[in-house]
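upload03.txt follows; it contains compact mmCIF, C-alpha atoms and all ligand atoms.
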# COMPACT_ATOMS: atom_id res chain seq x y z
CA MET A 156 -87.19 119.44 -109.29
CA ASP A 157 -87.55 123.17 -109.96
CA LEU A 158 -84.47 125.19 -109.20
CA LYS A 159 -84.71 128.77 -108.00
CA PHE A 160 -82.35 131.53 -106.93
CA LEU A 161 -82.83 134.34 -104.44
CA LEU A 162 -80.80 137.29 -103.23
CA TYR A 163 -81.64 139.17 -100.05
CA PHE A 164 -79.97 141.81 -97.97
CA SER A 165 -80.42 142.42 -94.26
CA HIS A 166 -79.25 144.58 -91.40
CA ALA A 167 -76.68 142.73 -89.30
CA LEU A 168 -77.17 142.76 -85.53
CA ILE A 169 -73.93 140.95 -84.71
CA ASP A 170 -70.40 142.36 -84.74
CA ASP A 171 -68.30 142.08 -87.86
CA ASP A 172 -66.43 139.26 -86.14
CA PRO A 173 -65.03 136.08 -87.74
CA HIS A 174 -66.08 133.98 -84.75
CA GLU A 175 -69.74 135.04 -85.17
CA HIS A 176 -69.60 134.52 -88.93
CA ASN A 177 -68.10 131.06 -88.50
CA LYS A 178 -71.08 130.03 -86.40
CA ILE A 179 -73.41 131.03 -89.23
CA LEU A 180 -71.26 129.24 -91.79
CA GLN A 181 -71.25 126.08 -89.71
CA ALA A 182 -75.06 126.13 -89.68
CA CYS A 183 -75.04 126.72 -93.44
CA HIS A 184 -72.78 123.77 -94.09
CA LYS A 185 -74.79 121.48 -91.82
CA ARG A 186 -78.19 122.45 -93.19
CA ASN A 187 -77.53 123.38 -96.82
CA VAL A 188 -75.73 120.24 -97.94
CA PRO A 189 -78.53 117.73 -97.25
CA ILE A 190 -81.16 119.93 -98.88
CA GLY A 191 -79.05 120.87 -101.89
CA LEU A 192 -78.65 124.61 -101.32
CA THR A 193 -75.58 126.42 -102.57
CA GLY A 194 -74.74 130.09 -102.29
CA PHE A 195 -72.62 132.92 -101.07
CA LEU A 196 -72.78 135.29 -98.11
CA HIS A 197 -71.23 138.77 -98.08
CA ARG A 198 -70.84 140.92 -94.96
CA GLU A 199 -70.03 144.59 -95.27
CA GLY A 200 -70.56 147.17 -92.56
CA ASP A 201 -74.07 146.67 -91.21
CA PHE A 202 -75.21 144.59 -94.17
CA PHE A 203 -75.47 140.94 -95.03
CA VAL A 204 -76.07 140.11 -98.68
CA GLN A 205 -76.79 136.46 -99.40
CA TYR A 206 -77.32 134.69 -102.70
CA LEU A 207 -78.95 131.26 -102.45
CA GLU A 208 -79.92 128.71 -105.07
CA GLY A 209 -81.45 125.24 -104.98
CA PRO A 210 -84.72 123.32 -105.10
CA GLU A 211 -87.58 125.79 -104.81
CA ASP A 212 -89.34 124.24 -101.78
CA GLN A 213 -86.11 123.80 -99.86
CA LEU A 214 -85.00 127.33 -100.58
CA ASN A 215 -88.34 128.76 -99.47
CA ASN A 216 -88.17 126.76 -96.22
CA ALA A 217 -84.61 127.87 -95.55
CA MET A 218 -85.57 131.50 -96.14
CA GLN A 219 -88.32 131.23 -93.55
CA ARG A 220 -85.75 130.06 -91.00
CA ILE A 221 -83.13 132.61 -92.04
CA SER A 222 -85.61 135.53 -91.93
CA LYS A 223 -86.43 134.77 -88.29
CA ASP A 224 -82.78 134.61 -87.20
CA PRO A 225 -82.16 137.23 -84.47
CA ARG A 226 -78.61 137.83 -85.75
CA HIS A 227 -80.04 140.12 -88.39
CA THR A 228 -83.20 142.09 -89.10
CA ASP A 229 -84.98 143.92 -91.91
CA VAL A 230 -84.47 140.97 -94.30
CA GLN A 231 -85.48 142.14 -97.78
CA VAL A 232 -85.58 139.90 -100.82
CA ALA A 233 -84.13 141.99 -103.66
CA ILE A 234 -84.70 139.44 -106.41
CA GLU A 235 -85.78 135.82 -106.87
CA GLY A 236 -86.73 133.65 -109.79
CA PRO A 237 -86.40 130.36 -111.63
CA LEU A 238 -82.98 129.04 -112.50
CA GLU A 239 -82.02 126.69 -115.34
CA ALA A 240 -78.64 125.71 -113.94
CA ARG A 241 -76.77 126.52 -110.74
CA GLN A 242 -74.36 129.43 -110.83
CA LEU A 243 -72.46 128.27 -107.75
CA PRO A 244 -72.59 124.47 -107.76
CA ASP A 245 -69.36 124.21 -105.75
CA TRP A 246 -70.20 126.60 -102.94
CA GLN A 247 -72.07 125.13 -99.97
CA MET A 248 -71.79 128.67 -98.62
CA GLY A 249 -68.90 130.92 -99.52
CA PHE A 250 -68.23 133.95 -97.37
CA VAL A 251 -66.33 137.20 -97.71
CA ASN A 252 -66.34 140.51 -95.97
CA GLY A 253 -65.90 143.92 -97.60
CA GLU A 254 -62.12 143.71 -97.54
CA GLN A 255 -62.01 141.44 -100.57
CA LEU A 256 -64.48 143.12 -102.89
CA SER A 257 -66.49 146.08 -101.73
CA LEU A 258 -70.08 146.88 -102.51
CA ILE A 259 -68.97 150.51 -102.70
CA ASP A 260 -67.99 149.79 -106.30
CA VAL A 261 -71.56 148.71 -107.08
CA VAL A 262 -73.81 150.53 -104.64
CA GLY A 263 -74.07 154.28 -104.15
CA MET A 264 -73.72 156.02 -100.80
CA ARG A 265 -76.34 157.98 -98.87
CA ASP A 266 -75.62 159.83 -95.62
CA GLY A 267 -72.26 158.12 -95.42
CA LYS A 268 -73.76 154.61 -95.64
CA LEU A 269 -74.20 152.11 -98.46
CA ASP A 270 -77.54 152.79 -100.14
CA ILE A 271 -78.22 149.14 -100.81
CA LYS A 272 -81.99 149.58 -101.04
CA SER A 273 -81.57 151.66 -104.20
CA ALA A 274 -79.18 149.23 -105.89
CA ASP A 275 -80.13 147.33 -109.04
CA PRO A 276 -80.73 143.76 -107.77
CA TRP A 277 -78.98 142.29 -110.82
CA ASP A 278 -75.88 144.31 -109.94
CA LEU A 279 -75.95 142.69 -106.50
CA VAL A 280 -76.27 139.21 -108.02
CA GLU A 281 -73.39 139.91 -110.38
CA PHE A 282 -71.31 141.25 -107.50
CA VAL A 283 -71.81 138.10 -105.40
CA LEU A 284 -71.08 135.80 -108.34
CA GLU A 285 -67.89 137.75 -109.11
CA ASN A 286 -66.84 137.41 -105.48
CA ALA A 287 -67.28 133.65 -105.69
CA ASP A 288 -65.33 133.51 -108.95
CA ALA A 289 -62.49 135.58 -107.51
CA LEU A 290 -62.25 133.28 -104.51
CA SER A 291 -62.24 130.12 -106.67
CA GLU A 292 -59.37 131.58 -108.68
CA GLN A 293 -57.43 132.39 -105.50
CA ALA A 294 -57.95 128.81 -104.33
CA LEU A 295 -56.61 127.51 -107.64
CA VAL A 296 -53.53 129.71 -107.45
CA ALA A 297 -52.79 128.89 -103.79
C1 LIG B 301 -76.95 136.13 -92.46
C2 LIG B 301 -77.36 134.71 -92.18
C3 LIG B 301 -77.30 133.76 -93.19
C4 LIG B 301 -77.70 132.45 -92.95
N1 LIG B 301 -77.68 131.55 -93.96
C5 LIG B 301 -78.11 130.28 -93.74
C6 LIG B 301 -78.17 129.33 -94.80
O1 LIG B 301 -77.78 129.57 -95.93
N2 LIG B 301 -78.65 128.09 -94.50
C7 LIG B 301 -79.06 127.75 -93.26
O2 LIG B 301 -79.50 126.63 -93.06
N3 LIG B 301 -79.00 128.62 -92.25
C8 LIG B 301 -78.54 129.87 -92.44
N4 LIG B 301 -78.49 130.76 -91.41
C9 LIG B 301 -78.79 130.27 -90.05
C10 LIG B 301 -80.27 130.08 -89.83
O3 LIG B 301 -80.88 131.33 -89.62
C11 LIG B 301 -80.52 129.15 -88.63
O4 LIG B 301 -79.87 129.65 -87.49
C12 LIG B 301 -79.94 127.77 -88.93
O5 LIG B 301 -80.45 127.30 -90.13
C13 LIG B 301 -80.25 126.76 -87.81
O6 LIG B 301 -81.63 126.63 -87.67
P1 LIG B 301 -82.22 125.66 -86.55
O7 LIG B 301 -81.78 126.23 -85.25
O8 LIG B 301 -83.71 125.74 -86.78
O9 LIG B 301 -81.61 124.33 -86.82
C14 LIG B 301 -78.12 132.08 -91.64
C15 LIG B 301 -78.17 133.05 -90.64
C16 LIG B 301 -77.79 134.35 -90.88
C17 LIG B 301 -77.84 135.37 -89.79
Please render this file's structure as structure tokens.
Ligand SMILES: Cc1cc2nc3c(=O)[nH]c(=O)nc-3n(C[C@H](O)[C@H](O)[C@H](O)COP(=O)(O)O)c2cc1C
Amino acid sequence: MDLKFLLYFSHALIDDDPHEHNKILQACHKRNVPIGLTGFLHREGDFFVQYLEGPEDQLNNAMQRISKDPRHTDVQVAIEGPLEARQLPDWQMGFVNGEQLSLIDVVGMRDGKLDIKSADPWDLVEFVLENADALSEQALVA
């Protein structure tokens, strides 16, 4: 079973609203567990950034579904590739919004908006993995 990882960003078409995000997370939990996908979703302003990892075929299939979802548009894969071992084995799908860790620290601004298209994809991966780490630590402390 070949493992792969992928990070994409997209333009959100739904409000930055916990109720809307919970619906997405419920779908993630239902669909990702049986097919062995793990990952993390970040919402900030108009952007979603999602890191996904798992069996290559399953991940490719899931991406086809996710790309067609009308809750976002302009889905752009920033980076993808083979993976030796999972980075987020314990996250069926973690989620944070920009209040916890902001992409502003990683991504430059253009015309008052995050210039995510010019960001180094590895910086985005590192950002998402740090988010997940920070949340795991909070959970341990709580
Ligand atoms: C930003 C975003 C991230 C999503 N991430 C996932 C995901 O990781 N796994 C998944 O199965 N569905 C995800 N979805 C939901 C899918 O697009 C789709 O609605 C869901 O898989 C149900 O598909 P179905 O109606 O064909 O069963 C995501 C949707 C959005 C908008």
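Across A:Glu208, A:Asp229, A:Asp266, A:Glu199, the tightest approach to Phe250 in chain A is made by A:Glu199 when counting all atoms listed in the file.
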Give one line per residue of chain A that approaches ligand LIG 301 (chain B) to at most 7 Å, naming the two atoms of the closest pair and their distance in Å to one decimal, counting only C-alpha atoms and all ligand atoms; sort by chain then ascending residue number and deliver it as CSV.
residue,atom,partner,partner_atom,distance
A:Ile179,CA,B:LIG301,C15,5.4
A:Ala182,CA,B:LIG301,C12,5.2
A:Cys183,CA,B:LIG301,N2,4.0
A:Arg186,CA,B:LIG301,O2,4.4
A:Asn187,CA,B:LIG301,O2,5.3
A:Leu196,CA,B:LIG301,C3,6.9
A:Phe203,CA,B:LIG301,C1,5.7
A:Gln205,CA,B:LIG301,C3,6.8
A:Leu207,CA,B:LIG301,O1,6.8
A:Ala217,CA,B:LIG301,O2,5.8
A:Arg220,CA,B:LIG301,O3,5.2
A:Ile221,CA,B:LIG301,O3,3.5
A:Ser222,CA,B:LIG301,O3,6.7
A:Lys223,CA,B:LIG301,O3,6.7
A:Asp224,CA,B:LIG301,O3,4.5
A:Arg226,CA,B:LIG301,C17,4.8
A:His227,CA,B:LIG301,C17,5.4
A:Met248,CA,B:LIG301,O1,6.6
C-alpha atoms of the current selection, written as a PDB file, in the coordinates of the input:
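As a result, again-v1.pdb now contains:
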ATOM      1  CA  ILE A 179     -73.410 131.030 -89.230  1.00  0.00           C
ATOM      2  CA  ALA A 182     -75.060 126.130 -89.680  1.00  0.00           C
ATOM      3  CA  CYS A 183     -75.040 126.720 -93.440  1.00  0.00           C
ATOM      4  CA  ARG A 186     -78.190 122.450 -93.190  1.00  0.00           C
ATOM      5  CA  ASN A 187     -77.530 123.380 -96.820  1.00  0.00           C
ATOM      6  CA  LEU A 196     -72.780 135.290 -98.110  1.00  0.00           C
ATOM      7  CA  PHE A 203     -75.470 140.940 -95.030  1.00  0.00           C
ATOM      8  CA  GLN A 205     -76.790 136.460 -99.400  1.00  0.00           C
ATOM      9  CA  LEU A 207     -78.950 131.260-102.450  1.00  0.00           C
ATOM     10  CA  ALA A 217     -84.610 127.870 -95.550  1.00  0.00           C
ATOM     11  CA  ARG A 220     -85.750 130.060 -91.000  1.00  0.00           C
ATOM     12  CA  ILE A 221     -83.130 132.610 -92.040  1.00  0.00           C
ATOM     13  CA  SER A 222     -85.610 135.530 -91.930  1.00  0.00           C
ATOM     14  CA  LYS A 223     -86.430 134.770 -88.290  1.00  0.00           C
ATOM     15  CA  ASP A 224     -82.780 134.610 -87.200  1.00  0.00           C
ATOM     16  CA  ARG A 226     -78.610 137.830 -85.750  1.00  0.00           C
ATOM     17  CA  HIS A 227     -80.040 140.120 -88.390  1.00  0.00           C
ATOM     18  CA  MET A 248     -71.790 128.670 -98.620  1.00  0.00           C
TER      19      MET A 248
END
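For the atom pair formed by CA of Val188 in chain A and CA of Leu162 in chain A, the distance is 18.6 Å, given to one decimal.
Residues surrounding range 243-246 of chain A within 8 Å are A:Thr193, A:Gly194, A:Phe195, A:Glu208, A:Gly249, A:Leu284, A:Ala287 [all atoms listed in the file; sequence separation below 3 positions excluded].
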Query - Among listed residues A:Arg198, A:Asp172, A:Asp270, A:Val262, nearest Asn286 in chain A (using only C-alpha atoms) - result: A:Arg198
Repair of range 223-247 of chain A at the level of N, CA and C atoms, as a PDB file, in the frame of the given file:
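As written to disk, selection.pdb reads:
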ATOM      1  N   LYS A 223     -86.076 134.622 -89.720  1.00  0.00           N
ATOM      2  CA  LYS A 223     -86.430 134.770 -88.290  1.00  0.00           C
ATOM      3  C   LYS A 223     -85.188 134.829 -87.411  1.00  0.00           C
ATOM      4  N   ASP A 224     -84.009 134.679 -88.008  1.00  0.00           N
ATOM      5  CA  ASP A 224     -82.780 134.610 -87.200  1.00  0.00           C
ATOM      6  C   ASP A 224     -82.516 135.955 -86.525  1.00  0.00           C
ATOM      7  N   PRO A 225     -82.346 135.950 -85.196  1.00  0.00           N
ATOM      8  CA  PRO A 225     -82.160 137.230 -84.470  1.00  0.00           C
ATOM      9  C   PRO A 225     -80.802 137.888 -84.712  1.00  0.00           C
ATOM     10  N   ARG A 226     -79.925 137.218 -85.482  1.00  0.00           N
ATOM     11  CA  ARG A 226     -78.610 137.830 -85.750  1.00  0.00           C
ATOM     12  C   ARG A 226     -78.674 138.897 -86.843  1.00  0.00           C
ATOM     13  N   HIS A 227     -79.836 139.028 -87.436  1.00  0.00           N
ATOM     14  CA  HIS A 227     -80.040 140.120 -88.390  1.00  0.00           C
ATOM     15  C   HIS A 227     -81.515 140.490 -88.399  1.00  0.00           C
ATOM     16  N   THR A 228     -81.812 141.636 -89.041  1.00  0.00           N
ATOM     17  CA  THR A 228     -83.200 142.090 -89.100  1.00  0.00           C
ATOM     18  C   THR A 228     -83.434 142.783 -90.442  1.00  0.00           C
ATOM     19  N   ASP A 229     -84.662 143.190 -90.695  1.00  0.00           N
ATOM     20  CA  ASP A 229     -84.980 143.920 -91.910  1.00  0.00           C
ATOM     21  C   ASP A 229     -84.535 143.133 -93.154  1.00  0.00           C
ATOM     22  N   VAL A 230     -84.861 141.837 -93.170  1.00  0.00           N
ATOM     23  CA  VAL A 230     -84.470 140.970 -94.300  1.00  0.00           C
ATOM     24  C   VAL A 230     -85.339 141.316 -95.510  1.00  0.00           C
ATOM     25  N   GLN A 231     -84.719 141.739 -96.588  1.00  0.00           N
ATOM     26  CA  GLN A 231     -85.480 142.140 -97.780  1.00  0.00           C
ATOM     27  C   GLN A 231     -85.002 141.364 -99.000  1.00  0.00           C
ATOM     28  N   VAL A 232     -85.923 140.624 -99.588  1.00  0.00           N
ATOM     29  CA  VAL A 232     -85.580 139.900-100.820  1.00  0.00           C
ATOM     30  C   VAL A 232     -85.506 140.911-101.953  1.00  0.00           C
ATOM     31  N   ALA A 233     -84.315 141.019-102.571  1.00  0.00           N
ATOM     32  CA  ALA A 233     -84.130 141.990-103.660  1.00  0.00           C
ATOM     33  C   ALA A 233     -84.583 141.390-104.975  1.00  0.00           C
ATOM     34  N   ILE A 234     -84.351 140.083-105.142  1.00  0.00           N
ATOM     35  CA  ILE A 234     -84.700 139.440-106.410  1.00  0.00           C
ATOM     36  C   ILE A 234     -84.778 137.937-106.196  1.00  0.00           C
ATOM     37  N   GLU A 235     -85.695 137.282-106.899  1.00  0.00           N
ATOM     38  CA  GLU A 235     -85.780 135.820-106.870  1.00  0.00           C
ATOM     39  C   GLU A 235     -86.395 135.361-108.171  1.00  0.00           C
ATOM     40  N   GLY A 236     -86.146 134.125-108.541  1.00  0.00           N
ATOM     41  CA  GLY A 236     -86.730 133.650-109.790  1.00  0.00           C
ATOM     42  C   GLY A 236     -86.256 132.253-110.130  1.00  0.00           C
ATOM     43  N   PRO A 237     -86.784 131.708-111.222  1.00  0.00           N
ATOM     44  CA  PRO A 237     -86.400 130.360-111.630  1.00  0.00           C
ATOM     45  C   PRO A 237     -84.966 130.340-112.180  1.00  0.00           C
ATOM     46  N   LEU A 238     -84.374 129.170-112.092  1.00  0.00           N
ATOM     47  CA  LEU A 238     -82.980 129.040-112.500  1.00  0.00           C
ATOM     48  C   LEU A 238     -82.861 127.775-113.351  1.00  0.00           C
ATOM     49  N   GLU A 239     -82.193 127.882-114.490  1.00  0.00           N
ATOM     50  CA  GLU A 239     -82.020 126.690-115.340  1.00  0.00           C
ATOM     51  C   GLU A 239     -80.894 125.798-114.820  1.00  0.00           C
ATOM     52  N   ALA A 240     -79.794 126.466-114.440  1.00  0.00           N
ATOM     53  CA  ALA A 240     -78.640 125.710-113.940  1.00  0.00           C
ATOM     54  C   ALA A 240     -77.983 126.518-112.826  1.00  0.00           C
ATOM     55  N   ARG A 241     -77.399 125.810-111.863  1.00  0.00           N
ATOM     56  CA  ARG A 241     -76.770 126.520-110.740  1.00  0.00           C
ATOM     57  C   ARG A 241     -75.608 127.389-111.210  1.00  0.00           C
ATOM     58  N   GLN A 242     -75.495 128.544-110.567  1.00  0.00           N
ATOM     59  CA  GLN A 242     -74.360 129.430-110.830  1.00  0.00           C
ATOM     60  C   GLN A 242     -73.188 129.089-109.918  1.00  0.00           C
ATOM     61  N   LEU A 243     -73.506 128.552-108.735  1.00  0.00           N
ATOM     62  CA  LEU A 243     -72.460 128.270-107.750  1.00  0.00           C
ATOM     63  C   LEU A 243     -72.536 126.828-107.258  1.00  0.00           C
ATOM     64  N   PRO A 244     -72.391 125.864-108.182  1.00  0.00           N
ATOM     65  CA  PRO A 244     -72.590 124.470-107.760  1.00  0.00           C
ATOM     66  C   PRO A 244     -71.588 124.014-106.712  1.00  0.00           C
ATOM     67  N   ASP A 245     -70.426 124.684-106.641  1.00  0.00           N
ATOM     68  CA  ASP A 245     -69.360 124.210-105.750  1.00  0.00           C
ATOM     69  C   ASP A 245     -69.319 124.910-104.399  1.00  0.00           C
ATOM     70  N   TRP A 246     -70.255 125.829-104.179  1.00  0.00           N
ATOM     71  CA  TRP A 246     -70.200 126.600-102.940  1.00  0.00           C
ATOM     72  C   TRP A 246     -71.352 126.199-102.021  1.00  0.00           C
ATOM     73  N   GLN A 247     -71.022 125.410-100.963  1.00  0.00           N
ATOM     74  CA  GLN A 247     -72.070 125.130 -99.970  1.00  0.00           C
ATOM     75  C   GLN A 247     -72.494 126.437 -99.336  1.00  0.00           C
TER      76      GLN A 247
END
